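**Student:** Just protein15.txt, nothing more (compact mmCIF, N, CA and C atoms):
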```txt
# COMPACT_ATOMS: atom_id res chain seq x y z
N MET A 1 0.85 -1.19 0.00
CA MET A 1 0.00 0.00 0.00
C MET A 1 0.89 1.25 0.00
N ILE A 2 0.53 2.21 -0.80
CA ILE A 2 1.31 3.45 -0.82
C ILE A 2 0.64 4.49 0.08
N THR A 3 1.45 5.42 0.55
CA THR A 3 0.92 6.49 1.40
C THR A 3 0.31 7.58 0.53
N ASP A 4 -0.47 8.45 1.15
CA ASP A 4 -1.03 9.59 0.41
C ASP A 4 0.10 10.45 -0.17
N LYS A 5 1.16 10.62 0.59
CA LYS A 5 2.29 11.44 0.12
C LYS A 5 2.92 10.82 -1.13
N GLN A 6 3.12 9.51 -1.12
CA GLN A 6 3.68 8.81 -2.28
C GLN A 6 2.74 8.91 -3.48
N GLY A 7 1.45 8.78 -3.23
CA GLY A 7 0.47 8.89 -4.30
C GLY A 7 0.46 10.28 -4.91
N MET A 8 0.54 11.31 -4.06
CA MET A 8 0.56 12.70 -4.55
C MET A 8 1.82 12.96 -5.36
N GLU A 9 2.96 12.44 -4.89
CA GLU A 9 4.20 12.61 -5.63
C GLU A 9 4.11 11.93 -6.99
N TRP A 10 3.54 10.72 -7.03
CA TRP A 10 3.37 10.01 -8.30
C TRP A 10 2.48 10.82 -9.25
N LEU A 11 1.36 11.32 -8.72
CA LEU A 11 0.43 12.09 -9.55
C LEU A 11 1.09 13.37 -10.08
N PHE A 12 1.79 14.11 -9.20
CA PHE A 12 2.48 15.33 -9.63
C PHE A 12 3.53 15.01 -10.69
N LYS A 13 4.25 13.90 -10.53
CA LYS A 13 5.27 13.53 -11.51
C LYS A 13 4.63 13.24 -12.86
N LYS A 14 3.51 12.52 -12.87
CA LYS A 14 2.80 12.24 -14.12
C LYS A 14 2.32 13.53 -14.78
N LEU A 15 1.75 14.43 -13.98
CA LEU A 15 1.29 15.71 -14.53
C LEU A 15 2.47 16.49 -15.10
N TYR A 16 3.56 16.57 -14.36
CA TYR A 16 4.75 17.31 -14.79
C TYR A 16 5.31 16.71 -16.08
N ASP A 17 5.42 15.39 -16.13
CA ASP A 17 5.94 14.72 -17.32
C ASP A 17 5.08 14.98 -18.55
N ASN A 18 3.80 15.27 -18.34
CA ASN A 18 2.89 15.58 -19.45
C ASN A 18 2.79 17.07 -19.74
N GLY A 19 3.66 17.86 -19.13
CA GLY A 19 3.74 19.29 -19.46
C GLY A 19 2.92 20.22 -18.58
N TRP A 20 2.16 19.68 -17.63
CA TRP A 20 1.37 20.54 -16.74
C TRP A 20 2.27 21.11 -15.66
N ARG A 21 2.19 22.43 -15.45
CA ARG A 21 3.11 23.08 -14.51
C ARG A 21 2.42 23.68 -13.29
N TYR A 22 1.11 23.96 -13.39
CA TYR A 22 0.42 24.63 -12.29
C TYR A 22 -0.97 24.04 -12.07
N TYR A 23 -1.35 23.98 -10.82
CA TYR A 23 -2.69 23.57 -10.40
C TYR A 23 -3.27 24.80 -9.71
N VAL A 24 -4.41 25.28 -10.18
CA VAL A 24 -4.97 26.54 -9.68
C VAL A 24 -6.45 26.39 -9.34
N LYS A 25 -6.88 27.20 -8.36
CA LYS A 25 -8.30 27.24 -8.02
C LYS A 25 -8.78 28.66 -8.24
N ASN A 26 -9.76 28.79 -9.12
CA ASN A 26 -10.30 30.10 -9.47
C ASN A 26 -11.36 30.52 -8.44
N ILE A 27 -11.70 31.80 -8.47
CA ILE A 27 -12.81 32.29 -7.67
C ILE A 27 -14.05 31.51 -8.10
N GLY A 28 -14.78 30.97 -7.18
CA GLY A 28 -15.93 30.12 -7.50
C GLY A 28 -15.63 28.65 -7.27
N GLY A 29 -14.34 28.31 -7.10
CA GLY A 29 -13.96 26.96 -6.74
C GLY A 29 -13.57 26.02 -7.86
N ASP A 30 -13.67 26.44 -9.13
CA ASP A 30 -13.24 25.57 -10.22
C ASP A 30 -11.71 25.41 -10.16
N VAL A 31 -11.24 24.19 -10.46
CA VAL A 31 -9.80 23.93 -10.44
C VAL A 31 -9.31 23.59 -11.84
N PHE A 32 -8.09 24.03 -12.14
CA PHE A 32 -7.51 23.90 -13.46
C PHE A 32 -6.06 23.45 -13.39
N LEU A 33 -5.62 22.80 -14.45
CA LEU A 33 -4.20 22.58 -14.70
C LEU A 33 -3.82 23.54 -15.82
N THR A 34 -2.62 24.13 -15.72
CA THR A 34 -2.17 25.03 -16.77
C THR A 34 -0.72 24.72 -17.14
N LYS A 35 -0.35 25.08 -18.37
CA LYS A 35 1.01 24.85 -18.85
C LYS A 35 1.93 26.02 -18.48
N LYS A 36 1.35 27.21 -18.31
CA LYS A 36 2.11 28.41 -17.92
C LYS A 36 1.48 28.98 -16.66
N GLU A 37 2.26 29.76 -15.93
CA GLU A 37 1.73 30.34 -14.70
C GLU A 37 0.69 31.40 -15.02
N PRO A 38 -0.54 31.22 -14.54
CA PRO A 38 -1.58 32.23 -14.78
C PRO A 38 -1.36 33.43 -13.86
N VAL A 39 -1.97 34.55 -14.21
CA VAL A 39 -1.80 35.77 -13.42
C VAL A 39 -3.15 36.22 -12.84
N MET A 40 -3.04 37.05 -11.81
CA MET A 40 -4.23 37.63 -11.18
C MET A 40 -4.50 38.98 -11.83
N ILE A 41 -5.76 39.23 -12.16
CA ILE A 41 -6.19 40.54 -12.68
C ILE A 41 -7.34 40.99 -11.81
N ASP A 42 -7.13 42.11 -11.11
CA ASP A 42 -8.15 42.62 -10.18
C ASP A 42 -8.61 41.55 -9.20
N ASN A 43 -7.62 40.83 -8.62
CA ASN A 43 -7.86 39.78 -7.64
C ASN A 43 -8.66 38.59 -8.17
N ILE A 44 -8.73 38.46 -9.48
CA ILE A 44 -9.39 37.30 -10.10
C ILE A 44 -8.35 36.60 -10.96
N LEU A 45 -8.27 35.29 -10.80
CA LEU A 45 -7.32 34.50 -11.56
C LEU A 45 -7.73 34.48 -13.03
N ASP A 46 -6.85 34.94 -13.90
CA ASP A 46 -7.10 34.91 -15.35
C ASP A 46 -6.57 33.59 -15.89
N ILE A 47 -7.43 32.59 -15.95
CA ILE A 47 -7.04 31.26 -16.37
C ILE A 47 -6.46 31.26 -17.79
N ARG A 48 -6.99 32.10 -18.66
CA ARG A 48 -6.49 32.13 -20.04
C ARG A 48 -5.03 32.51 -20.12
N SER A 49 -4.50 33.19 -19.11
CA SER A 49 -3.09 33.58 -19.13
C SER A 49 -2.18 32.38 -18.87
N GLY A 50 -2.75 31.25 -18.53
CA GLY A 50 -1.98 30.05 -18.22
C GLY A 50 -1.66 29.19 -19.43
N GLY A 51 -1.77 29.75 -20.63
CA GLY A 51 -1.51 28.94 -21.83
C GLY A 51 -2.57 27.87 -21.95
N LEU A 52 -2.15 26.68 -22.36
CA LEU A 52 -3.09 25.56 -22.44
C LEU A 52 -3.63 25.28 -21.05
N THR A 53 -4.95 25.23 -20.93
CA THR A 53 -5.62 25.08 -19.64
C THR A 53 -6.63 23.96 -19.72
N LYS A 54 -6.75 23.18 -18.61
CA LYS A 54 -7.72 22.09 -18.58
C LYS A 54 -8.49 22.16 -17.26
N LEU A 55 -9.81 22.19 -17.36
CA LEU A 55 -10.67 22.14 -16.18
C LEU A 55 -10.61 20.72 -15.62
N VAL A 56 -10.30 20.61 -14.32
CA VAL A 56 -10.12 19.28 -13.72
C VAL A 56 -10.87 19.17 -12.39
N ASN A 57 -12.10 19.67 -12.36
CA ASN A 57 -12.89 19.61 -11.12
C ASN A 57 -12.99 18.19 -10.57
N ALA A 58 -13.03 17.20 -11.44
CA ALA A 58 -13.15 15.81 -10.98
C ALA A 58 -11.92 15.38 -10.18
N MET A 59 -10.79 16.04 -10.37
CA MET A 59 -9.57 15.70 -9.65
C MET A 59 -9.46 16.41 -8.30
N ALA A 60 -10.33 17.36 -8.05
CA ALA A 60 -10.22 18.19 -6.84
C ALA A 60 -10.17 17.37 -5.57
N GLU A 61 -10.87 16.25 -5.54
CA GLU A 61 -10.92 15.42 -4.34
C GLU A 61 -9.57 14.76 -4.02
N ILE A 62 -8.76 14.51 -5.04
CA ILE A 62 -7.49 13.84 -4.79
C ILE A 62 -6.30 14.80 -4.80
N MET A 63 -6.54 16.04 -5.18
CA MET A 63 -5.47 17.05 -5.20
C MET A 63 -5.43 17.77 -3.86
N PRO A 64 -4.32 18.46 -3.58
CA PRO A 64 -4.26 19.23 -2.34
C PRO A 64 -5.36 20.30 -2.31
N ASN A 65 -5.90 20.53 -1.14
CA ASN A 65 -6.92 21.56 -0.99
C ASN A 65 -6.23 22.92 -0.94
N ILE A 66 -6.51 23.77 -1.91
CA ILE A 66 -5.90 25.10 -1.93
C ILE A 66 -7.00 26.15 -1.92
N ASP A 67 -6.65 27.35 -1.47
CA ASP A 67 -7.60 28.45 -1.41
C ASP A 67 -7.92 28.96 -2.81
N GLU A 68 -9.09 29.56 -2.96
CA GLU A 68 -9.46 30.18 -4.23
C GLU A 68 -8.45 31.28 -4.57
N GLY A 69 -8.07 31.34 -5.82
CA GLY A 69 -7.10 32.34 -6.27
C GLY A 69 -5.66 31.93 -6.04
N ARG A 70 -5.44 30.72 -5.56
CA ARG A 70 -4.07 30.25 -5.30
C ARG A 70 -3.55 29.46 -6.49
N VAL A 71 -2.23 29.58 -6.70
CA VAL A 71 -1.55 28.85 -7.77
C VAL A 71 -0.54 27.91 -7.11
N LEU A 72 -0.65 26.62 -7.38
CA LEU A 72 0.30 25.64 -6.85
C LEU A 72 1.26 25.26 -7.97
N ASP A 73 2.56 25.45 -7.73
CA ASP A 73 3.61 25.16 -8.70
C ASP A 73 3.98 23.68 -8.57
N ILE A 74 3.66 22.88 -9.57
CA ILE A 74 3.89 21.44 -9.52
C ILE A 74 5.38 21.12 -9.43
N ALA A 75 6.21 21.83 -10.20
CA ALA A 75 7.65 21.60 -10.15
C ALA A 75 8.20 21.87 -8.74
N GLU A 76 7.72 22.92 -8.12
CA GLU A 76 8.16 23.25 -6.77
C GLU A 76 7.76 22.14 -5.79
N GLU A 77 6.57 21.61 -5.95
CA GLU A 77 6.11 20.52 -5.09
C GLU A 77 6.98 19.28 -5.25
N LEU A 78 7.49 19.07 -6.47
CA LEU A 78 8.34 17.91 -6.74
C LEU A 78 9.81 18.17 -6.42
N GLY A 79 10.15 19.43 -6.20
CA GLY A 79 11.55 19.77 -5.95
C GLY A 79 12.37 19.84 -7.22
N VAL A 80 11.71 20.05 -8.37
CA VAL A 80 12.39 20.17 -9.65
C VAL A 80 13.05 21.54 -9.75
N VAL A 81 14.30 21.56 -10.19
CA VAL A 81 15.05 22.81 -10.33
C VAL A 81 14.99 23.27 -11.78
N ASP A 82 14.64 24.53 -11.99
CA ASP A 82 14.71 25.13 -13.33
C ASP A 82 16.12 25.70 -13.47
N TRP A 83 17.02 24.88 -13.99
CA TRP A 83 18.43 25.25 -14.06
C TRP A 83 18.67 26.48 -14.91
N SER A 84 17.78 26.81 -15.81
CA SER A 84 17.96 28.01 -16.64
C SER A 84 17.82 29.28 -15.81
N LYS A 85 17.27 29.17 -14.60
CA LYS A 85 17.08 30.34 -13.74
C LYS A 85 18.07 30.38 -12.57
N VAL A 86 18.97 29.41 -12.49
CA VAL A 86 19.94 29.37 -11.38
C VAL A 86 21.06 30.36 -11.69
N ALA A 87 21.43 31.14 -10.68
CA ALA A 87 22.48 32.15 -10.84
C ALA A 87 23.87 31.50 -10.89
N VAL A 88 24.76 32.06 -11.70
CA VAL A 88 26.14 31.61 -11.76
C VAL A 88 26.74 31.71 -10.35
N ASP A 89 27.54 30.71 -9.99
CA ASP A 89 28.23 30.60 -8.70
C ASP A 89 27.33 30.16 -7.55
N THR A 90 26.10 29.72 -7.86
CA THR A 90 25.24 29.15 -6.82
C THR A 90 25.87 27.83 -6.37
N PRO A 91 25.97 27.58 -5.06
CA PRO A 91 26.51 26.30 -4.59
C PRO A 91 25.55 25.15 -4.95
N ILE A 92 26.11 24.10 -5.57
CA ILE A 92 25.32 22.93 -5.92
C ILE A 92 26.10 21.68 -5.54
N LEU A 93 25.40 20.56 -5.54
CA LEU A 93 26.02 19.25 -5.34
C LEU A 93 25.91 18.48 -6.64
N VAL A 94 26.99 17.78 -7.02
CA VAL A 94 27.01 17.05 -8.28
C VAL A 94 27.53 15.63 -8.04
N SER A 95 27.11 14.72 -8.93
CA SER A 95 27.51 13.33 -8.78
C SER A 95 27.51 12.64 -10.14
N ILE A 96 28.27 11.56 -10.22
CA ILE A 96 28.22 10.72 -11.42
C ILE A 96 27.57 9.38 -11.11
N ASP A 97 27.40 9.07 -9.81
CA ASP A 97 26.86 7.76 -9.44
C ASP A 97 25.70 7.81 -8.44
N ASP A 98 25.27 8.98 -8.05
CA ASP A 98 24.17 9.18 -7.10
C ASP A 98 24.53 8.67 -5.69
N GLU A 99 25.81 8.42 -5.45
CA GLU A 99 26.26 8.01 -4.12
C GLU A 99 27.22 9.03 -3.53
N THR A 100 28.23 9.37 -4.31
CA THR A 100 29.21 10.37 -3.87
C THR A 100 28.84 11.72 -4.47
N TRP A 101 28.63 12.70 -3.60
CA TRP A 101 28.24 14.04 -4.05
C TRP A 101 29.36 15.01 -3.74
N LEU A 102 29.70 15.85 -4.73
CA LEU A 102 30.77 16.83 -4.60
C LEU A 102 30.19 18.24 -4.55
N CYS A 103 30.82 19.10 -3.77
CA CYS A 103 30.42 20.51 -3.70
C CYS A 103 31.07 21.25 -4.87
N ARG A 104 30.25 21.93 -5.65
CA ARG A 104 30.73 22.71 -6.78
C ARG A 104 29.91 23.99 -6.89
N TYR A 105 30.31 24.84 -7.85
CA TYR A 105 29.60 26.09 -8.10
C TYR A 105 29.06 26.09 -9.52
N PHE A 106 27.78 26.41 -9.64
CA PHE A 106 27.08 26.40 -10.92
C PHE A 106 27.73 27.36 -11.90
N ALA A 107 27.96 26.88 -13.13
CA ALA A 107 28.53 27.72 -14.18
C ALA A 107 27.52 27.99 -15.30
N ALA A 108 26.82 26.94 -15.75
CA ALA A 108 25.91 27.12 -16.88
C ALA A 108 24.98 25.92 -17.01
N PHE A 109 23.95 26.11 -17.82
CA PHE A 109 23.02 25.04 -18.18
C PHE A 109 22.83 25.12 -19.68
N LYS A 110 23.33 24.11 -20.39
CA LYS A 110 23.26 24.11 -21.85
C LYS A 110 22.80 22.75 -22.34
N ASN A 111 21.83 22.75 -23.24
CA ASN A 111 21.34 21.51 -23.86
C ASN A 111 20.98 20.45 -22.82
N GLY A 112 20.38 20.89 -21.73
CA GLY A 112 19.93 19.95 -20.71
C GLY A 112 21.02 19.44 -19.79
N ILE A 113 22.21 20.00 -19.86
CA ILE A 113 23.33 19.55 -19.04
C ILE A 113 23.76 20.67 -18.09
N VAL A 114 24.01 20.29 -16.82
CA VAL A 114 24.48 21.24 -15.81
C VAL A 114 26.01 21.26 -15.85
N TYR A 115 26.58 22.46 -15.87
CA TYR A 115 28.03 22.64 -15.85
C TYR A 115 28.44 23.38 -14.59
N THR A 116 29.60 22.99 -14.06
CA THR A 116 30.18 23.69 -12.91
C THR A 116 31.58 24.15 -13.28
N TRP A 117 32.10 25.08 -12.50
CA TRP A 117 33.49 25.50 -12.67
C TRP A 117 34.38 24.35 -12.21
N SER A 118 35.45 24.10 -12.92
CA SER A 118 36.34 22.97 -12.61
C SER A 118 36.98 23.09 -11.24
N GLY A 119 37.13 21.94 -10.60
CA GLY A 119 37.87 21.86 -9.35
C GLY A 119 37.27 22.58 -8.17
N GLY A 120 36.00 22.90 -8.24
CA GLY A 120 35.37 23.60 -7.11
C GLY A 120 35.58 25.10 -7.13
N ALA A 121 36.11 25.63 -8.23
CA ALA A 121 36.33 27.07 -8.34
C ALA A 121 35.01 27.79 -8.57
N THR A 122 35.06 29.12 -8.50
CA THR A 122 33.93 29.97 -8.85
C THR A 122 34.30 30.74 -10.11
N SER A 123 33.37 31.51 -10.63
CA SER A 123 33.67 32.31 -11.82
C SER A 123 34.79 33.31 -11.53
N TRP A 124 34.93 33.69 -10.28
CA TRP A 124 35.96 34.66 -9.89
C TRP A 124 37.32 33.98 -9.75
N SER A 125 37.35 32.73 -9.29
CA SER A 125 38.63 32.09 -9.00
C SER A 125 39.11 31.11 -10.07
N VAL A 126 38.26 30.75 -11.04
CA VAL A 126 38.68 29.81 -12.07
C VAL A 126 39.75 30.45 -12.94
N ARG A 127 40.73 29.64 -13.37
CA ARG A 127 41.85 30.19 -14.14
C ARG A 127 41.43 30.58 -15.55
N LYS A 128 40.64 29.74 -16.19
CA LYS A 128 40.17 30.04 -17.54
C LYS A 128 38.68 29.79 -17.57
N ARG A 129 37.94 30.74 -18.07
CA ARG A 129 36.48 30.65 -18.07
C ARG A 129 35.93 29.44 -18.83
N GLU A 130 36.69 28.92 -19.78
CA GLU A 130 36.17 27.80 -20.56
C GLU A 130 36.29 26.47 -19.81
N TYR A 131 36.95 26.46 -18.67
CA TYR A 131 37.07 25.21 -17.91
C TYR A 131 35.82 24.96 -17.09
N GLN A 132 34.97 24.11 -17.65
CA GLN A 132 33.73 23.74 -16.99
C GLN A 132 33.56 22.22 -17.06
N ASP A 133 33.03 21.65 -16.00
CA ASP A 133 32.77 20.21 -15.96
C ASP A 133 31.28 19.97 -16.15
N ALA A 134 30.93 18.93 -16.90
CA ALA A 134 29.54 18.56 -17.13
C ALA A 134 29.16 17.45 -16.16
N TRP A 135 27.89 17.50 -15.69
CA TRP A 135 27.43 16.53 -14.70
C TRP A 135 26.07 15.96 -15.10
N SER A 136 25.94 14.65 -14.89
CA SER A 136 24.65 14.00 -15.19
C SER A 136 23.67 14.16 -14.02
N LEU A 137 24.17 14.32 -12.81
CA LEU A 137 23.33 14.47 -11.63
C LEU A 137 23.71 15.74 -10.88
N ALA A 138 22.72 16.58 -10.60
CA ALA A 138 22.99 17.81 -9.87
C ALA A 138 21.77 18.20 -9.05
N LYS A 139 22.03 18.84 -7.92
CA LYS A 139 20.94 19.36 -7.09
C LYS A 139 21.46 20.58 -6.35
N LEU A 140 20.53 21.46 -5.98
CA LEU A 140 20.92 22.64 -5.25
C LEU A 140 21.42 22.25 -3.87
N ALA A 141 22.46 22.92 -3.42
CA ALA A 141 23.00 22.67 -2.07
C ALA A 141 22.20 23.47 -1.06
N GLU A 142 21.97 22.89 0.07
CA GLU A 142 21.30 23.61 1.15
C GLU A 142 22.37 24.23 2.02
N VAL A 143 22.55 25.55 1.86
CA VAL A 143 23.58 26.25 2.64
C VAL A 143 22.96 27.23 3.60
```
Starting from the file, lay out its structure as structure tokens.
**Tutor:**
Amino acid sequence: MITDKQGMEWLFKKLYDNGWRYYVKNIGGDVFLTKKEPVMIDNILDIRSGGLTKLVNAMAEIMPNIDEGRVLDIAEELGVVDWSKVAVDTPILVSIDDETWLCRYFAAFKNGIVYTWSGGATSWSVRKREYQDAWSLAKLAEV
């Protein structure tokens, strides 16, 4: 038997893998999935601003209960990092085997690959800017 938490994580992962990024509840209680973050206009959620949108009232019973006008970020709930928005020199952890994790500083994100400055350097201390290491596994460091 799986726990509610495991079930919610599975559901969020399936939604995320299918391109859904936000779960929102509009004024009046209708709930939607959207591909882009919707915005508030005069304290009313403008669902059309969320790109592709799907009414999912039938799912409301199994989704987290959120207040009207609230936007739930599915990636945030899953702990997914948008590497394109990470600042250069942010401390991260990297690995090649998911067992040994090394402390490094974020350098770039290109073609789906996370790069760090070589040898644990930062953009300020690295000898040559082109020296970057690519990593298959990366996560933000909790500092």
**Student:** With distances taken over only C-alpha atoms, which of A:Ile96, A:Val86, A:Ile41, A:Ala60 is nearest to Ala108 in chain A?
**Tutor:**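 Among the listed residues, the smallest separation from Ala108 in chain A belongs to A:Val86.
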**Student:** From range 47-99 of chain A, collect each residue whose DSSP state is alpha helix (DSSP H) and return the set as a PyMOL selection string.
**Tutor:** chain A and resi 74-78
**Student:** For range 33-40 of chain A, work out the shell of residues within 8 Å, counting only N, CA and C atoms and skipping chain neighbours fewer than 6 positions away, then give it as a list of chain:residue names.
**Tutor:**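 Near range 33-40 of chain A, the qualifying residues are A:Gly19, A:Trp20, A:Arg21, A:Tyr22, A:Tyr23, A:Val24, A:Lys25, A:Asp46, A:Ile47, A:Arg48, A:Ser49, A:Gly50, A:Gly51, A:Leu52, A:Thr53, A:Lys54, A:Leu55, A:Val56, A:Asn57, A:Gly69, A:Val71.
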**Student:** Write down as a PyMOL selection string the residues of chain A whose backbone DSSP state falls under strand (DSSP E or B).
**Tutor:** chain A and resi 22-25+31-34+39-41+44-46+53-55+71-73+91-95+102-110+113-117+132-135+137-140
**Student:** Between CA of Ala58 in chain A and CA of Val31 in chain A, what is the distance in Å, rounded to a tenth?
**Tutor:** 8.8 Å
**Student:** For a quick check of understanding, using only N, CA and C atoms, which of A:Gly7, A:Ala138, A:Asp30, A:Met1 has the smallest distance to Val94 in chain A?
**Tutor:**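 Checking each of A:Gly7, A:Ala138, A:Asp30, A:Met1 against Val94 in chain A, counting only N, CA and C atoms, the winner is A:Ala138.
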**Student:** What does the distance between CA of Ala87 in chain A and CA of Ile113 in chain A come to in Å, to one decimal place?
**Tutor:**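 A separation of 15.1 Å between them.
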**Student:** So how many Å separate CA of Ile2 in chain A and CA of Met63 in chain A, to one decimal?
**Tutor:**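 So the two atoms, CA of Ile2 in chain A and CA of Met63 in chain A, lie 15.8 Å apart.
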